[in-house]
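Structure data follow from query.cif (mmCIF, C-alpha atoms):
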data_data
loop_
_atom_site.label_atom_id
_atom_site.label_comp_id
_atom_site.auth_asym_id
_atom_site.auth_seq_id
_atom_site.Cartn_x
_atom_site.Cartn_y
_atom_site.Cartn_z
CA MET F 287 -1.23 -84.62 10.75
CA GLU F 288 1.18 -87.40 11.78
CA ASN F 289 3.29 -85.32 14.10
CA THR F 290 6.00 -87.82 14.84
CA LYS F 291 9.01 -85.93 13.50
CA LEU F 292 9.02 -83.48 16.39
CA ASN F 293 12.07 -83.58 18.57
CA PRO F 294 11.53 -84.56 22.23
CA PHE F 295 11.97 -80.98 23.47
CA ILE F 296 9.20 -79.64 21.22
CA LYS F 297 6.99 -82.55 22.24
CA VAL F 298 7.41 -81.60 25.88
CA LEU F 299 6.55 -77.98 25.13
CA LYS F 300 3.29 -79.15 23.56
CA LEU F 301 2.25 -81.17 26.60
CA PRO F 302 0.54 -78.38 28.61
CA GLU F 303 -1.66 -77.53 25.63
CA ILE F 304 -2.69 -81.18 25.27
CA ILE F 305 -3.35 -81.58 28.99
CA ASP F 306 -5.45 -78.43 28.93
CA HIS F 307 -7.46 -79.73 25.96
CA LEU F 308 -8.07 -83.05 27.72
CA TYR F 309 -9.08 -81.21 30.86
CA ARG F 310 -11.73 -79.26 28.94
CA TYR F 311 -13.29 -82.54 27.79
CA TYR F 312 -13.10 -83.84 31.33
CA LEU F 313 -14.87 -80.77 32.76
CA THR F 314 -17.56 -80.82 30.10
CA LEU F 315 -18.39 -84.46 30.73
CA LYS F 316 -18.35 -83.96 34.51
CA ARG F 317 -20.72 -81.01 34.16
CA VAL F 318 -23.10 -83.01 31.97
CA LEU F 319 -23.13 -85.89 34.43
CA GLU F 320 -23.67 -83.68 37.47
CA SER F 321 -26.36 -81.56 35.81
CA GLU F 322 -28.71 -84.57 35.70
CA GLN F 323 -29.70 -83.74 32.16
CA ILE F 324 -29.03 -87.40 31.34
CA LYS F 325 -31.83 -89.61 32.56
CA ASP F 326 -30.85 -93.00 31.15
CA GLU F 327 -28.25 -95.33 32.66
CA ALA F 328 -26.62 -96.35 29.35
CA THR F 329 -25.55 -92.78 28.50
CA LYS F 330 -24.47 -92.12 32.10
CA GLU F 331 -22.31 -95.25 32.15
CA LEU F 332 -20.62 -94.34 28.89
CA ILE F 333 -19.85 -90.85 30.19
CA LYS F 334 -18.41 -92.31 33.42
CA GLU F 335 -16.12 -94.58 31.36
CA ASP F 336 -14.88 -91.58 29.39
CA ILE F 337 -14.29 -89.53 32.53
CA GLU F 338 -12.23 -92.40 33.96
CA PHE F 339 -10.10 -92.53 30.81
CA LEU F 340 -9.58 -88.76 30.85
CA GLU F 341 -8.56 -88.78 34.52
CA ILE F 342 -5.95 -91.48 33.89
CA GLU F 343 -4.65 -89.80 30.75
CA ILE F 344 -4.43 -86.35 32.34
CA SER F 345 -2.56 -87.59 35.41
CA SER F 346 -0.13 -89.70 33.32
CA LEU F 347 0.61 -86.79 31.01
CA GLU F 348 1.08 -84.45 33.97
CA LEU F 349 3.57 -86.84 35.53
CA PHE F 350 5.35 -87.23 32.22
CA TYR F 351 5.51 -83.46 31.84
CA GLU F 352 6.94 -83.04 35.36
CA LEU F 353 9.61 -85.60 34.59
CA MET F 354 10.56 -84.13 31.22
CA ALA F 355 10.43 -80.57 32.50
CA ASN F 356 13.02 -81.51 35.10
CA ILE F 357 15.24 -83.12 32.50
CA TYR F 358 15.03 -80.15 30.11
CA ARG F 359 14.98 -77.63 32.99
CA ILE F 360 11.86 -75.96 31.58
CA LYS F 361 10.52 -74.77 34.90
CA MET Q 1233 -47.56 -119.11 -38.50
CA LEU Q 1234 -45.02 -116.37 -38.09
CA LYS Q 1235 -47.15 -114.81 -35.35
CA LEU Q 1236 -47.31 -118.15 -33.51
CA THR Q 1237 -43.56 -118.57 -33.74
CA ASN Q 1238 -43.02 -115.06 -32.45
CA ASN Q 1239 -45.39 -115.72 -29.55
CA PHE Q 1240 -43.59 -118.93 -28.74
CA ILE Q 1241 -40.17 -117.22 -28.79
CA SER Q 1242 -41.48 -114.35 -26.68
CA LYS Q 1243 -43.01 -116.73 -24.09
CA THR Q 1244 -39.89 -118.90 -23.95
CA PHE Q 1245 -37.70 -115.80 -23.55
CA HIS Q 1246 -39.96 -114.53 -20.76
CA THR Q 1247 -39.80 -117.90 -18.95
CA ILE Q 1248 -36.02 -118.03 -19.23
CA THR Q 1249 -35.52 -114.46 -18.02
CA SER Q 1250 -37.94 -114.93 -15.12
CA LYS Q 1251 -36.08 -118.10 -14.12
CA ILE Q 1252 -32.80 -116.19 -14.28
CA ASN Q 1253 -34.36 -113.51 -12.09
CA ILE Q 1254 -35.47 -116.08 -9.53
CA LYS Q 1255 -32.02 -117.61 -9.45
CA LYS Q 1256 -30.28 -114.21 -9.31
CA ARG Q 1257 -28.05 -114.44 -6.27
CA PHE Q 1258 -27.84 -111.95 -3.46
CA LEU Q 1259 -24.66 -110.00 -4.10
CA PHE Q 1260 -23.36 -110.06 -0.53
CA LYS Q 1261 -21.61 -113.14 0.81
CA LYS Q 1262 -22.42 -114.89 4.08
CA ASN Q 1263 -18.79 -115.48 5.04
CA LYS Q 1264 -17.68 -111.87 4.58
CA ILE Q 1265 -17.81 -108.98 7.02
CA TYR Q 1266 -19.11 -105.72 5.68
CA VAL Q 1267 -19.29 -102.19 6.96
CA ILE Q 1268 -22.47 -100.16 6.67
CA TYR Q 1269 -22.09 -96.40 6.69
CA TYR Q 1270 -25.33 -94.95 7.95
CA GLU Q 1271 -26.15 -91.26 8.32
CA HIS Q 1272 -29.11 -89.07 9.13
CA PRO Q 1273 -32.33 -91.05 8.61
CA LEU Q 1274 -33.86 -88.28 6.54
CA ALA Q 1275 -30.81 -87.78 4.35
CA TYR Q 1276 -31.09 -88.90 0.75
CA ASP Q 1277 -29.17 -92.15 0.18
CA ASN Q 1278 -28.44 -92.52 3.87
CA ALA Q 1279 -26.84 -95.96 3.90
CA TYR Q 1280 -23.97 -97.52 1.99
CA ILE Q 1281 -22.26 -100.87 2.24
CA ASN Q 1282 -18.73 -101.93 1.54
CA THR Q 1283 -16.45 -104.82 2.43
CA ALA Q 1284 -14.98 -104.10 5.84
CA ASP Q 1285 -11.33 -103.22 5.85
CA LYS Q 1286 -9.36 -106.07 7.44
CA LEU Q 1287 -8.24 -103.70 10.15
CA LEU Q 1288 -11.81 -102.78 11.07
CA SER Q 1289 -13.02 -106.37 11.24
CA THR Q 1290 -10.07 -107.53 13.35
CA TRP Q 1291 -9.58 -104.48 15.58
CA ARG Q 1292 -10.43 -105.50 19.12
CA GLY Q 1293 -12.52 -102.39 19.64
CA PHE Q 1294 -14.65 -103.11 16.59
CA ASN Q 1295 -14.96 -106.84 16.07
CA SER Q 1296 -17.49 -107.12 18.90
CA PHE Q 1297 -19.81 -104.88 16.90
CA VAL Q 1298 -20.35 -107.34 14.06
CA ASP Q 1299 -24.09 -108.03 13.81
CA GLN Q 1300 -26.64 -109.41 11.34
CA TRP Q 1301 -28.41 -106.68 9.39
CA THR Q 1302 -31.19 -107.03 6.86
CA ILE Q 1303 -30.51 -104.95 3.81
CA GLU Q 1304 -32.21 -104.19 0.54
CA TYR Q 1305 -30.05 -103.73 -2.53
CA LYS Q 1306 -31.55 -103.34 -6.01
CA ASN Q 1307 -34.88 -104.81 -4.86
CA GLN Q 1308 -33.22 -107.85 -3.32
CA ILE Q 1309 -33.46 -108.40 0.40
CA GLY Q 1310 -30.99 -110.43 2.42
CA THR Q 1311 -28.93 -110.47 5.60
CA VAL Q 1312 -25.28 -109.56 5.96
CA LYS Q 1313 -22.74 -109.73 8.74
CA ALA Q 1314 -21.68 -106.14 9.17
CA ILE Q 1315 -20.39 -103.41 11.45
CA LEU Q 1316 -22.91 -100.61 11.26
CA LEU Q 1317 -21.41 -97.15 11.71
CA TYR Q 1318 -23.76 -94.29 12.50
CA TYR Q 1319 -21.64 -91.23 11.76
CA GLY Q 1320 -18.70 -93.45 12.70
CA LEU Q 1321 -20.24 -94.85 15.88
CA PRO Q 1322 -20.51 -98.66 15.76
CA LEU Q 1323 -23.94 -99.89 16.81
CA ARG Q 1324 -25.15 -103.38 17.66
CA LYS Q 1325 -28.88 -103.99 17.26
CA LYS Q 1326 -29.67 -104.90 20.85
CA ARG Q 1327 -28.41 -103.89 24.27
CA SER Q 1328 -26.05 -106.32 25.98
CA SER Q 1329 -24.74 -106.56 29.54
CA ASN Q 1330 -21.61 -104.71 28.43
CA VAL Q 1331 -22.36 -100.99 28.51
CA ARG Q 1332 -19.35 -100.33 26.30
CA ILE Q 1333 -21.06 -101.99 23.36
CA THR Q 1334 -22.98 -99.07 21.92
CA ASN Q 1335 -26.25 -100.15 20.40
CA LEU Q 1336 -29.34 -99.03 18.55
CA GLU Q 1337 -31.67 -99.75 21.47
CA ASP Q 1338 -29.79 -97.55 23.95
CA LEU Q 1339 -29.29 -94.80 21.39
CA GLU Q 1340 -33.00 -94.72 20.63
CA ASN Q 1341 -33.96 -94.66 24.30
CA SER Q 1342 -31.31 -92.16 25.37
CA SER Q 1343 -32.57 -88.96 26.98
CA ASP Q 1344 -29.79 -87.16 25.08
CA LYS Q 1345 -28.96 -88.93 21.81
CA ARG Q 1346 -26.26 -86.44 20.94
CA MET Q 1347 -24.50 -87.10 24.24
CA TYR Q 1348 -24.86 -90.87 23.89
CA TYR Q 1349 -23.30 -90.60 20.45
CA LYS Q 1350 -20.42 -88.40 21.65
CA ALA Q 1351 -19.68 -90.49 24.75
CA GLY Q 1352 -19.73 -93.63 22.60
CA MET Q 1353 -17.38 -92.13 20.05
CA TYR Q 1354 -14.94 -90.93 22.71
CA HIS Q 1355 -14.96 -94.42 24.13
CA ILE Q 1356 -14.12 -96.00 20.80
CA LEU Q 1357 -11.55 -93.40 19.76
CA LYS Q 1358 -9.66 -93.37 23.04
CA ASP Q 1359 -8.28 -96.84 22.21
CA LEU Q 1360 -6.37 -95.24 19.36
CA VAL Q 1361 -3.97 -93.77 21.91
CA TYR Q 1362 -2.63 -97.26 22.41
CA LEU Q 1363 -2.68 -98.39 18.77
CA ASP Q 1364 0.63 -97.49 17.25
CA ASP Q 1365 0.18 -98.59 13.67
CA ILE Q 1366 -2.86 -96.78 12.33
CA LYS Q 1367 -2.45 -93.53 10.45
CA PHE Q 1368 -4.79 -90.64 11.16
CA ASN Q 1369 -6.17 -90.49 7.61
CA LYS Q 1370 -6.79 -94.22 7.66
CA ILE Q 1371 -8.90 -93.84 10.81
CA LEU Q 1372 -10.98 -91.12 9.17
CA LYS Q 1373 -11.59 -93.35 6.17
CA LEU Q 1374 -12.36 -96.45 8.23
CA LEU Q 1375 -14.98 -94.63 10.25
CA GLY Q 1376 -16.49 -92.83 7.26
CA LEU Q 1377 -15.70 -89.47 8.82
CA THR Q 1378 -14.41 -88.08 5.53
CA ASN Q 1379 -16.69 -86.83 2.80
CA LEU Q 1380 -15.15 -89.13 0.24
CA ILE Q 1381 -18.00 -90.96 -1.41
CA ASP Q 1382 -15.84 -93.65 -3.03
CA ILE Q 1383 -15.16 -95.51 0.23
CA ARG Q 1384 -18.82 -95.84 1.10
CA GLY Q 1385 -19.63 -98.46 -1.52
CA LYS Q 1386 -23.11 -99.43 -2.71
CA PRO Q 1387 -26.28 -97.59 -1.67
CA ILE Q 1388 -28.61 -99.79 0.37
CA ASN Q 1389 -31.62 -99.66 2.61
CA VAL Q 1390 -31.24 -101.09 6.12
CA LYS Q 1391 -34.53 -102.66 7.16
CA GLU Q 1392 -33.94 -102.47 10.92
CA LEU Q 1393 -33.39 -98.73 10.65
CA GLU Q 1394 -36.58 -97.89 8.81
CA GLU Q 1395 -38.64 -95.31 10.68
CA LYS Q 1396 -36.11 -95.08 13.50
CA ASN Q 1397 -35.77 -91.85 15.39
CA LEU Q 1398 -32.01 -91.28 15.57
CA ASP Q 1399 -32.08 -87.57 15.23
CA ILE Q 1400 -28.48 -86.37 15.34
CA ASP Q 1401 -27.29 -83.39 13.35
CA PRO Q 1402 -24.55 -84.13 10.76
CA SER Q 1403 -22.43 -81.31 12.24
CA ILE Q 1404 -21.61 -83.75 15.05
CA LYS Q 1405 -18.77 -85.05 12.86
CA LEU Q 1406 -16.82 -81.82 13.46
CA GLU Q 1407 -16.94 -82.27 17.23
CA ILE Q 1408 -15.66 -85.80 16.84
CA LEU Q 1409 -12.84 -84.60 14.61
CA ASP Q 1410 -11.70 -82.27 17.39
CA PHE Q 1411 -11.45 -85.21 19.80
CA LEU Q 1412 -9.69 -87.32 17.19
CA ILE Q 1413 -7.11 -84.59 16.62
CA LEU Q 1414 -6.50 -84.45 20.36
CA ILE Q 1415 -5.95 -88.21 20.46
CA GLN Q 1416 -3.56 -87.88 17.54
CA LYS Q 1417 -1.58 -85.23 19.42
CA ILE Q 1418 -1.20 -87.59 22.40
CA ARG Q 1419 0.07 -90.29 20.05
CA ALA Q 1420 2.53 -87.86 18.52
CA ILE Q 1421 3.93 -87.02 21.95
CA GLY Q 1422 4.90 -90.65 22.24
CA PHE Q 1423 2.20 -92.05 24.46
CA GLY Q 1424 1.62 -95.21 22.54
CA TYR Q 1425 2.87 -93.91 19.22
CA HIS Q 1426 6.46 -94.35 18.11
CA ASP Q 1427 8.17 -93.48 14.87
#

Before we go any further, please render this structure as structure tokens.
Amino acid sequence: MENTKLNPFIKVLKLPEIIDHLYRYYLTLKRVLESEQIKDEATKELIKEDIEFLEIEISSLELFYELMANIYRIK
Amino acid sequence: MLKLTNNFISKTFHTITSKINIKKRFLFKKNKIYVIYYEHPLAYDNAYINTADKLLSTWRGFNSFVDQWTIEYKNQIGTVKAILLYYGLPLRKKRSSNVRITNLEDLENSSDKRMYYKAGMYHILKDLVYLDDIKFNKILKLLGLTNLIDIRGKPINVKELEEKNLDIDPSIKLEILDFLILIQKIRAIGFGYHD
């Protein structure tokens, strides 16, 4: 499971898959929050915290991918 | 005469053993931090206790979850300082001003317990992105997300959890594993994890 032996090029190729996976979590949590199925504040607050984390992580990984894609001329 | 002697020996023996029983010490120490693995309330043998791994008791994300729990072990009741993990989710007894501290009170009162559990777990596990020295298998063991019985320790009864309605299906562990694998992939990319 410890996937640290991958060379940088392979790591970059895996980025879109990871971003996509994160984005699915982000959408699911957004949908739950907006559906108003959650009535209590404690659960809502926890979900908001997670959404914030996912937003930050997705945008950082996207930036990182852009940068690396330019270096490796993937696009 | 022999009968009297026998009676005397029997009574003395009974007195000694009952005194030993009274003085029998509670197995769990006050100055130690334990971890309680707690699962579905209706599951047979649903709670186990073990000494908390040093990493768990010192990890910033977890040390704020240490609480006093009343446990029963082999008919002895006492309190321990422990991190209680409900399917891996650390729970304090009472709600605090910090919403990030997941707790029994909020879980019980949540309109969607499954969602409270998942959101709480994501919140805890996301910190692993930034921790560069914990192996994936170690995390699984620490949180009791494996099915290995040996790490769980001694079977106990947690008094504060008696007759609690924390109805979450055990299959929830699989959904958490998916998130954990995702976090591990981010670490492998090099965001926080280095060889």

Pull out every residue that the PyMOL selection byres ((chain Q and resi 1397-1406) around 12) matches in the shown coordinates and put them as a PyMOL selection string. chain Q and resi 1270-1275+1278+1318-1321+1323+1335-1351+1353+1372+1375-1379+1392-1396+1407-1413

Using only C-alpha atoms - which residues lie no farther than 12 Å from the point (-7.8, -92.0, 30.0) in the file's frame? Write them as a VMD selection string. (chain F and resid 305 308 to 309 311 to 312 334 to 347) or (chain Q and resid 1354 to 1362 1415 1418 1423)

Write out as a Markdown table the residues of chain F that have any atom within 10 Å of an atom of chain Q, one row each with the nearest atom pair and its distance in Å to one decimal, counting only C-alpha atoms, sorted by chain and then rising number.
| residue | atom | partner | partner_atom | distance |
| --- | --- | --- | --- | --- |
| F:Met287 | CA | Q:Phe1368 | CA | 7.0 |
| F:Glu288 | CA | Q:Phe1368 | CA | 6.8 |
| F:Asn289 | CA | Q:Ala1420 | CA | 5.2 |
| F:Thr290 | CA | Q:Ala1420 | CA | 5.1 |
| F:Lys291 | CA | Q:Asp1427 | CA | 7.7 |
| F:Leu292 | CA | Q:Ala1420 | CA | 8.1 |
| F:Asn293 | CA | Q:Ile1421 | CA | 9.5 |
| F:Pro294 | CA | Q:Ile1421 | CA | 8.0 |
| F:Ile296 | CA | Q:Ile1421 | CA | 9.1 |
| F:Lys297 | CA | Q:Ile1421 | CA | 5.4 |
| F:Val298 | CA | Q:Ile1421 | CA | 7.5 |
| F:Leu299 | CA | Q:Ile1421 | CA | 9.9 |
| F:Lys300 | CA | Q:Ile1421 | CA | 8.1 |
| F:Leu301 | CA | Q:Ile1421 | CA | 7.7 |
| F:Glu303 | CA | Q:Lys1417 | CA | 9.9 |
| F:Ile304 | CA | Q:Leu1414 | CA | 7.0 |
| F:Ile305 | CA | Q:Ile1418 | CA | 9.2 |
| F:His307 | CA | Q:Leu1414 | CA | 7.4 |
| F:Leu308 | CA | Q:Leu1414 | CA | 7.7 |
| F:Tyr311 | CA | Q:Phe1411 | CA | 8.6 |
| F:Leu315 | CA | Q:Ala1351 | CA | 8.6 |
| F:Val318 | CA | Q:Met1347 | CA | 8.9 |
| F:Gln323 | CA | Q:Asp1344 | CA | 7.9 |
| F:Ile324 | CA | Q:Ser1343 | CA | 5.8 |
| F:Lys325 | CA | Q:Ser1343 | CA | 5.7 |
| F:Asp326 | CA | Q:Ser1342 | CA | 5.9 |
| F:Glu327 | CA | Q:Ser1342 | CA | 8.5 |
| F:Ala328 | CA | Q:Val1331 | CA | 6.4 |
| F:Thr329 | CA | Q:Tyr1348 | CA | 5.0 |
| F:Lys330 | CA | Q:Tyr1348 | CA | 8.3 |
| F:Glu331 | CA | Q:Val1331 | CA | 6.8 |
| F:Leu332 | CA | Q:Ala1351 | CA | 5.7 |
| F:Ile333 | CA | Q:Ala1351 | CA | 5.5 |
| F:Lys334 | CA | Q:Ala1351 | CA | 8.9 |
| F:Glu335 | CA | Q:His1355 | CA | 7.3 |
| F:Asp336 | CA | Q:His1355 | CA | 6.0 |
| F:Ile337 | CA | Q:Ala1351 | CA | 9.5 |
| F:Phe339 | CA | Q:Lys1358 | CA | 7.8 |
| F:Leu340 | CA | Q:Lys1358 | CA | 9.1 |
| F:Glu343 | CA | Q:Ile1418 | CA | 9.3 |
| F:Ser346 | CA | Q:Phe1423 | CA | 9.5 |
| F:Leu347 | CA | Q:Phe1423 | CA | 8.5 |
| F:Phe350 | CA | Q:Phe1423 | CA | 9.7 |

May I ask for the distance between CA of Thr1302 in chain Q and CA of Ile1371 in chain Q, given in Å to one decimal place?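 The value is 26.2 Å.
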
Could you state the separation of CA of Gly1310 in chain Q and CA of Ile1281 in chain Q in Å, given to one decimal place? 12.9 Å

Can you tell me how far CA of Tyr351 in chain F sits from CA of Arg317 in chain F, in Å to one decimal?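 Computed distance, CA of Tyr351 in chain F to CA of Arg317 in chain F, equals 26.4 Å.
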
Name all residues at most 7 Å from Ile1303 in chain Q (count only C-alpha atoms; drop same-chain ones fewer than 6 positions away) and give them as a list in words.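 In the requested form, the answer reads Ile1309, Gly1310, Thr1311, Ile1388, Asn1389, Val1390 and Lys1391 of chain Q.
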
What's around Pro1387 in chain Q at 7 Å? Count all atoms listed in the file, leave out sequence neighbours fewer than 2 positions away in its own chain, and write the answer as an mmCIF file with C-alpha atoms, in the coordinates of the input.
data_model
loop_
_atom_site.group_PDB
_atom_site.id
_atom_site.type_symbol
_atom_site.label_atom_id
_atom_site.label_comp_id
_atom_site.auth_asym_id
_atom_site.auth_seq_id
_atom_site.Cartn_x
_atom_site.Cartn_y
_atom_site.Cartn_z
ATOM 1 C CA ASP Q 1277 -29.170 -92.150 0.180
ATOM 2 C CA ALA Q 1279 -26.840 -95.960 3.900
ATOM 3 C CA TYR Q 1280 -23.970 -97.520 1.990
ATOM 4 C CA ILE Q 1281 -22.260 -100.870 2.240
ATOM 5 C CA GLY Q 1385 -19.630 -98.460 -1.520
#
